[in-house]
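To be precise, the following lines are target-v8.cif, and they hold mmCIF, C-alpha atoms.
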```
data_run
loop_
_atom_site.label_atom_id
_atom_site.label_comp_id
_atom_site.auth_asym_id
_atom_site.auth_seq_id
_atom_site.Cartn_x
_atom_site.Cartn_y
_atom_site.Cartn_z
CA MET A 1 50.45 50.75 -150.25
CA ALA A 2 50.67 53.64 -147.78
CA GLN A 3 53.27 53.50 -145.07
CA LYS A 4 51.67 52.90 -141.68
CA ILE A 5 52.37 55.13 -138.70
CA PHE A 6 51.41 54.21 -135.16
CA ILE A 7 50.50 57.08 -132.82
CA LEU A 8 50.53 56.57 -129.05
CA GLU A 9 49.01 59.71 -127.54
CA ASP A 10 46.84 60.01 -124.43
CA ASP A 11 45.32 63.34 -125.55
CA PRO A 12 42.54 62.23 -127.92
CA GLY A 13 42.26 65.67 -129.52
CA PHE A 14 45.94 65.93 -130.37
CA GLY A 15 46.07 62.26 -131.38
CA THR A 16 43.16 62.71 -133.76
CA PHE A 17 44.77 65.84 -135.20
CA LEU A 18 48.00 63.90 -135.83
CA ARG A 19 46.15 60.95 -137.38
CA LYS A 20 44.20 63.20 -139.78
CA TRP A 21 47.29 65.26 -140.65
CA LEU A 22 49.26 62.10 -141.46
CA GLU A 23 46.40 60.71 -143.54
CA LYS A 24 46.31 63.97 -145.54
CA LYS A 25 50.02 63.42 -146.17
CA GLY A 26 49.30 59.98 -147.65
CA PHE A 27 50.04 57.74 -144.67
CA SER A 28 47.88 55.15 -142.99
CA ALA A 29 47.72 56.08 -139.29
CA VAL A 30 46.53 54.19 -136.22
CA LEU A 31 45.92 55.87 -132.85
CA SER A 32 46.11 54.32 -129.38
CA THR A 33 45.62 56.23 -126.13
CA SER A 34 47.23 53.88 -123.59
CA LEU A 35 50.31 51.73 -123.23
CA HIS A 36 48.22 48.57 -122.79
CA GLN A 37 46.25 49.23 -125.98
CA ALA A 38 49.45 50.15 -127.85
CA LYS A 39 51.08 46.80 -127.06
CA GLN A 40 48.04 44.92 -128.35
CA LYS A 41 47.98 46.95 -131.59
CA PHE A 42 51.72 46.57 -132.10
CA LEU A 43 51.51 42.79 -131.80
CA SER A 44 48.66 42.56 -134.30
CA GLU A 45 49.83 45.00 -136.98
CA LYS A 46 53.07 46.03 -138.71
CA PHE A 47 54.13 49.68 -138.57
CA ASP A 48 56.75 51.72 -140.45
CA LEU A 49 57.09 54.40 -137.74
CA ILE A 50 55.97 55.02 -134.15
CA LEU A 51 55.13 58.48 -132.78
CA SER A 52 54.78 58.21 -129.02
CA ASP A 53 53.91 60.62 -126.26
CA LEU A 54 56.25 60.39 -123.29
CA ARG A 55 53.72 60.55 -120.46
CA LEU A 56 50.80 58.13 -120.61
CA PRO A 57 48.06 57.20 -118.14
CA ASP A 58 49.45 53.68 -117.65
CA GLY A 59 53.18 54.14 -118.21
CA ASP A 60 55.38 56.17 -120.51
CA GLY A 61 56.82 56.25 -124.00
CA LEU A 62 60.23 55.06 -122.80
CA MET A 63 58.59 51.91 -121.41
CA PHE A 64 56.90 51.38 -124.78
CA LEU A 65 60.18 51.93 -126.65
CA SER A 66 61.91 49.37 -124.42
CA TRP A 67 59.09 46.87 -124.92
CA VAL A 68 59.06 47.40 -128.71
CA LYS A 69 62.81 46.80 -128.86
CA GLU A 70 62.30 43.48 -127.04
CA GLN A 71 59.98 42.41 -129.88
CA LYS A 72 63.01 42.48 -132.24
CA ASN A 73 61.14 44.35 -134.96
CA THR A 74 61.69 47.98 -134.09
CA PRO A 75 60.49 50.58 -136.56
CA PRO A 76 61.82 54.14 -136.22
CA PHE A 77 60.51 55.64 -132.96
CA ILE A 78 59.95 59.36 -132.30
CA LEU A 79 59.07 60.50 -128.77
CA MET A 80 57.02 63.65 -128.18
CA THR A 81 56.46 65.43 -124.89
CA SER A 82 55.19 68.60 -123.30
CA TYR A 83 57.80 68.03 -120.60
CA GLY A 84 61.15 68.72 -122.28
CA GLU A 85 63.47 67.27 -119.67
CA ILE A 86 67.05 66.65 -120.70
CA GLN A 87 67.32 63.35 -118.82
CA ASN A 88 64.34 61.95 -120.76
CA ALA A 89 65.82 63.06 -124.07
CA VAL A 90 69.16 61.46 -123.16
CA ALA A 91 67.42 58.24 -122.07
CA ALA A 92 65.44 58.14 -125.33
CA MET A 93 68.58 58.58 -127.43
CA LYS A 94 70.46 55.92 -125.44
CA MET A 95 67.56 53.57 -126.19
CA GLU A 96 68.01 54.41 -129.87
CA ALA A 97 64.90 56.50 -130.37
CA SER A 98 65.06 58.19 -133.76
CA ASP A 99 64.22 61.59 -132.31
CA TYR A 100 62.71 63.51 -129.40
CA LEU A 101 60.33 66.44 -130.01
CA GLU A 102 58.83 68.95 -127.62
CA LYS A 103 55.13 69.78 -127.81
CA PRO A 104 53.50 71.69 -129.20
CA VAL A 105 54.84 69.90 -132.25
CA ASN A 106 55.42 72.11 -135.26
CA PRO A 107 54.00 70.19 -138.27
CA ALA A 108 56.87 71.32 -140.54
CA ILE A 109 59.45 70.00 -138.06
CA LEU A 110 57.54 66.75 -137.58
CA GLN A 111 57.36 66.32 -141.36
CA GLU A 112 61.13 66.90 -141.59
CA LYS A 113 61.79 64.30 -138.86
CA ILE A 114 59.52 61.75 -140.56
CA GLU A 115 61.29 62.35 -143.88
CA GLN A 116 64.63 61.71 -142.14
CA VAL A 117 63.57 58.32 -140.74
CA LEU A 118 61.48 57.28 -143.75
CA PRO A 119 63.73 58.68 -146.52
CA LYS A 120 61.94 56.87 -149.33
CA ARG A 121 58.73 58.66 -148.43
CA ASN A 122 57.60 61.49 -150.72
CA PHE A 123 55.14 63.64 -148.83
CA LEU A 124 52.01 64.64 -150.67
CA LYS A 125 52.05 68.40 -151.03
CA HIS A 126 49.02 69.56 -149.04
CA THR A 127 48.73 72.73 -147.10
CA ASP A 128 48.59 72.30 -143.33
#
```

Take the structure in the file and write it out as structure tokens.
Amino acid sequence: MAQKIFILEDDPGFGTFLRKWLEKKGFSAVLSTSLHQAKQKFLSEKFDLILSDLRLPDGDGLMFLSWVKEQKNTPPFILMTSYGEIQNAVAAMKMEASDYLEKPVNPAILQEKIEQVLPKRNFLKHTD
């Protein structure tokens, strides 16, 4: 069974790109575009990893990370943002996020970060 990755990204184009890229790599991927929708999906499905944008239309990725941690079943959590502010990166790490990436996300770096938090995962060797 494929490992399942949850993507929380308010840019539908980038979110769809990520979902398709992850599926090509052999993952099952689910995309949500708002914090409200993400909470509903998280409660109804089990995920092996969360990739979350920082800024969202109805909140932010740090709020989602905090909420997920309250659920007591926290998968690895990687935050992504176009706004690389040090205080947000520090806050994410203090909240035990697995990593913090600046956009545009380099697929090779994202793959490396995913391999670090899901070490048992062998990526399918597809060209990007």

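Reported to one decimal place, the separation of atom CA of Ile50 of chain A from atom CA of Pro75 of chain A is 6.8 Å.
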
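Distances from A:Lys41, A:Ala89, A:Leu51, A:Val68 to Arg19 of chain A were compared using only C-alpha atoms, and the smallest one belongs to A:Leu51.
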
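One distance worth recording is that between atom CA of Ile86 of chain A and atom CA of Glu9 of chain A, which is 20.5 Å.
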
### Task
Within 10 Å of Pro107 of chain A, counting all atoms listed in the file, which residues show up once you throw out same-chain ones fewer than 3 positions away? Write them as a PyMOL selection string, please.
chain A and resi 18+21-22+104+110-113+128

### Task
Would you list the contacts of segment 30-39 of chain A as a PyMOL selection string, taking every protein, DNA or RNA residue within 6 Å and counting all atoms listed in the file, but skipping same-chain residues closer than 3 positions in sequence?
chain A and resi 6-10+42+58

### Message
Here is a test: counting only C-alpha atoms, which residue of A:Leu118, A:Leu43, A:Ile109, A:Ala92 is nearest to Asn73 of chain A?
### Response
A:Leu43

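Between atom CA of Tyr100 of chain A and atom CA of Asn88 of chain A the separation is 8.9 Å.
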
As a short mmCIF file (atom, residue, chain, number, x, y, z; two decimals) with C-alpha atoms, in the frame of the given file, please: the residues near Leu49 of chain A (cut-off 10 Å, only C-alpha atoms, same-chain neighbours under 4 positions excluded).
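Output file result-v3.cif is given in full below:
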```cif
data_model
loop_
_atom_site.label_atom_id
_atom_site.label_comp_id
_atom_site.auth_asym_id
_atom_site.auth_seq_id
_atom_site.Cartn_x
_atom_site.Cartn_y
_atom_site.Cartn_z
CA GLN A 3 53.27 53.50 -145.07
CA LYS A 4 51.67 52.90 -141.68
CA ILE A 5 52.37 55.13 -138.70
CA PHE A 6 51.41 54.21 -135.16
CA ILE A 7 50.50 57.08 -132.82
CA ALA A 29 47.72 56.08 -139.29
CA THR A 74 61.69 47.98 -134.09
CA PRO A 75 60.49 50.58 -136.56
CA PRO A 76 61.82 54.14 -136.22
CA PHE A 77 60.51 55.64 -132.96
CA ILE A 78 59.95 59.36 -132.30
CA SER A 98 65.06 58.19 -133.76
CA ILE A 114 59.52 61.75 -140.56
CA VAL A 117 63.57 58.32 -140.74
CA LEU A 118 61.48 57.28 -143.75
#
```

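Shortest separation to Ser28 of chain A among A:Phe14, A:Met1, A:Asp53, A:Ala97 occurs at residue A:Met1, atoms counted being only C-alpha atoms.
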
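The list of residues within 10 Å of (53.8, 76.1, -125.3), counted using only C-alpha atoms, is Ser82, Glu102, Lys103, Pro104 and Val105 of chain A.
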
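Of the listed residues (A:Met95, A:Pro119, A:Gly13, A:Lys20), A:Met95 comes nearest to Glu70 of chain A; the distances count all atoms listed in the file.
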
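Nearest to Pro12 of chain A of all the residues A:Met63, A:Ala91, A:Leu56, A:Leu79 is A:Leu56, based on only C-alpha atoms.
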